[in-house]
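> Handing over run08.cif, mmCIF, C-alpha atoms.
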```cif
data_data
loop_
_atom_site.label_atom_id
_atom_site.label_comp_id
_atom_site.auth_asym_id
_atom_site.auth_seq_id
_atom_site.Cartn_x
_atom_site.Cartn_y
_atom_site.Cartn_z
CA MET A 1 -7.69 23.05 -14.85
CA GLY A 2 -5.42 22.21 -11.92
CA PRO A 3 -1.70 21.49 -12.11
CA ILE A 4 -2.14 17.71 -11.98
CA LYS A 5 -4.62 17.76 -14.86
CA GLN A 6 -2.24 20.01 -16.83
CA LEU A 7 0.64 17.60 -16.19
CA GLN A 8 -1.58 14.68 -17.20
CA ALA A 9 -2.58 16.45 -20.44
CA PHE A 10 1.06 17.30 -21.19
CA VAL A 11 2.24 13.71 -20.62
CA CYS A 12 -0.62 12.23 -22.67
CA ALA A 13 0.10 14.64 -25.53
CA GLN A 14 3.55 13.17 -26.07
CA THR A 15 3.63 11.01 -29.19
CA PHE A 16 6.17 8.42 -28.05
CA TRP A 17 3.84 6.71 -25.53
CA PRO A 18 2.16 3.48 -26.64
CA GLN A 19 -1.63 3.61 -26.65
CA PHE A 20 -1.99 1.34 -23.58
CA MET A 21 0.20 3.75 -21.54
CA ILE A 22 -1.95 6.72 -22.52
CA ARG A 23 -5.07 4.79 -21.46
CA TRP A 24 -3.37 3.99 -18.13
CA PHE A 25 -2.39 7.66 -17.63
CA GLN A 26 -6.02 8.65 -18.20
CA ALA A 27 -7.53 5.85 -16.09
CA GLU A 28 -9.74 6.54 -13.08
CA LYS A 29 -7.13 4.88 -10.82
CA GLY A 30 -4.05 5.75 -12.86
CA PRO A 31 -0.78 7.41 -11.83
CA PHE A 32 -2.29 10.90 -11.76
CA THR A 33 -4.66 10.03 -8.91
CA ILE A 34 -4.37 9.37 -5.19
CA PHE A 35 -5.53 5.80 -5.87
CA PHE A 36 -2.08 5.07 -7.28
CA TYR A 37 0.17 6.79 -4.75
CA CYS A 38 -1.59 5.83 -1.51
CA PRO A 39 -0.83 2.08 -1.89
CA LEU A 40 2.64 2.94 -3.13
CA ALA A 41 3.37 4.85 0.08
CA LYS A 42 1.79 2.21 2.30
CA TRP A 43 3.97 -0.51 0.76
CA GLY A 44 6.85 1.27 2.49
CA ILE A 45 5.45 0.25 5.89
CA SER A 46 5.02 -3.36 4.79
CA ILE A 47 8.49 -3.54 3.27
CA ALA A 48 10.05 -2.02 6.38
CA ASN A 49 8.24 -4.58 8.53
CA ILE A 50 9.43 -7.43 6.30
CA ASN A 51 12.97 -6.07 6.55
CA ASP A 52 12.62 -5.99 10.35
CA MET A 53 11.47 -9.62 10.32
CA MET A 54 14.67 -10.61 8.59
CA LYS A 55 17.16 -8.50 10.51
CA LYS A 56 15.86 -7.43 13.92
CA PRO A 57 16.07 -9.69 16.94
CA VAL A 58 12.78 -10.63 18.60
CA ASP A 59 13.46 -8.67 21.78
CA THR A 60 13.42 -5.36 19.86
CA ILE A 61 9.91 -5.89 18.48
CA ASN A 62 7.49 -3.35 19.91
CA PRO A 63 4.17 -5.14 20.51
CA VAL A 64 2.18 -1.90 20.66
CA GLN A 65 3.54 -0.77 17.29
CA GLN A 66 2.87 -4.16 15.71
CA SER A 67 -0.64 -4.23 17.18
CA VAL A 68 -1.34 -0.83 15.60
CA ILE A 69 0.08 -1.98 12.26
CA THR A 70 -2.11 -5.10 12.41
CA LEU A 71 -5.24 -3.19 13.42
CA THR A 72 -4.89 -0.39 10.87
CA GLY A 73 -4.03 -2.86 8.12
CA THR A 74 -7.12 -4.91 8.91
CA LEU A 75 -9.50 -1.96 9.25
CA ILE A 76 -8.31 -0.12 6.15
CA ALA A 77 -8.33 -3.34 4.08
CA ARG A 78 -11.99 -3.77 5.03
CA TRP A 79 -12.69 -0.12 4.26
CA CYS A 80 -11.13 -0.51 0.80
CA TRP A 81 -13.50 -3.37 0.09
CA VAL A 82 -16.52 -1.24 1.03
CA LEU A 83 -15.50 1.83 -1.02
CA SER A 84 -16.82 2.42 -4.47
CA PRO A 85 -14.87 2.02 -6.71
CA ARG A 86 -13.12 -0.78 -4.84
CA GLN A 87 -9.48 -0.13 -4.11
CA TYR A 88 -7.89 -3.52 -4.73
CA MET A 89 -4.26 -2.38 -4.63
CA LEU A 90 -4.77 -0.55 -1.35
CA MET A 91 -6.65 -3.54 0.05
CA ILE A 92 -3.81 -5.91 -0.87
CA CYS A 93 -1.23 -3.55 0.57
CA ASN A 94 -3.08 -3.22 3.87
CA SER A 95 -3.68 -6.96 4.04
CA VAL A 96 0.05 -7.56 3.69
CA MET A 97 0.67 -4.89 6.33
CA ALA A 98 -1.72 -6.66 8.73
CA CYS A 99 -0.09 -10.03 8.00
CA THR A 100 3.40 -8.70 8.71
CA GLY A 101 2.15 -7.25 12.00
CA ILE A 102 0.60 -10.60 12.97
CA ILE A 103 3.83 -12.42 12.09
CA GLN A 104 5.86 -10.01 14.21
CA LEU A 105 3.48 -10.47 17.15
CA TRP A 106 3.65 -14.23 16.69
CA ARG A 107 7.45 -14.12 16.74
CA LYS A 108 7.30 -12.15 19.98
CA HIS A 109 4.80 -14.63 21.45
CA GLN A 110 6.91 -17.65 20.43
CA ALA A 111 9.91 -16.13 22.21
CA GLY A 112 7.82 -15.73 25.37
CA LEU A 113 8.30 -11.96 25.40
CA LEU A 114 4.80 -10.81 24.53
CA PHE A 115 3.35 -8.76 27.41
#
```
What would the structure in this file look like if it were written as structure tokens?

Amino acid sequence: MGPIKQLQAFVCAQTFWPQFMIRWFQAEKGPFTIFFYCPLAKWGISIANINDMMKKPVDTINPVQQSVITLTGTLIARWCWVLSPRQYMLMICNSVMACTGIIQLWRKHQAGLLF
């Protein structure tokens, strides 16, 4: 039994958790799996991009970076749809990431500074 499984067993053994929390801890895509933390980490990219949309001027937008964000968001969102079991949270996160990249590129295009 690995350290993550031991931690999961320890947390689930505590008596103060409601039953629905214990079921969530033991779920196939619960907080003791990569399926939970991968979307959580990728939301950081989307949130940073949204923050840049609000605060950064258009001339500081890097079109190569935003193209990569758009492309990876699109490709990984598609990949999450193909996987079994489907990774809905990761798909949503990557879709938002692709959308923020497209919006940033559109802002750059509207300002006449794209390429």
> Could you tell me how far atom CA of A:Ala48 sits from atom CA of A:Gln104, in Å to one decimal place?
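Here the two named atoms are 11.9 Å from each other.
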> Record the distance separating atom CA of A:Ile102 and atom CA of A:Phe36, expressed in Å with one decimal.
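Result for atom CA of A:Ile102 versus atom CA of A:Phe36: 25.7 Å, one decimal.
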> Which one is closest to A:Ala98: A:Val11, A:Ile69, A:Ile4, A:Val64? Count only C-alpha atoms.
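Ranked by minimum distance to A:Ala98, first place goes to A:Ile69.
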> Please expand the PyMOL selection byres ((chain A and resi 17-33) around 12) into the concrete residues it hits in this file, giving the result as a PyMOL selection string.
chain A and resi 2-16+34-40+84-90
> Measure the distance from atom CA of A:Ala111 to atom CA of A:Thr60 in Å and round it to one decimal.
11.6 Å
> Translate the PyMOL selection byres ((chain A and resi 94-97) around 6), as applied to the file shown, into an explicit residue set as a CSV table (one decimal) with C-alpha atoms, in the frame of the given file.

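Below is the file part_17.csv, written as the result:
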```csv
chain,number,residue,atom,x,y,z
A,46,SER,CA,5.0,-3.4,4.8
A,73,GLY,CA,-4.0,-2.9,8.1
A,77,ALA,CA,-8.3,-3.3,4.1
A,91,MET,CA,-6.6,-3.5,0.0
A,92,ILE,CA,-3.8,-5.9,-0.9
A,93,CYS,CA,-1.2,-3.6,0.6
A,98,ALA,CA,-1.7,-6.7,8.7
A,99,CYS,CA,-0.1,-10.0,8.0
A,100,THR,CA,3.4,-8.7,8.7
```
> Check which residues satisfy the PyMOL selection byres ((chain A and resi 63) around 12) in the file shown, then give them as a PyMOL selection string.
chain A and resi 58-62+64-71+101-109+113-115
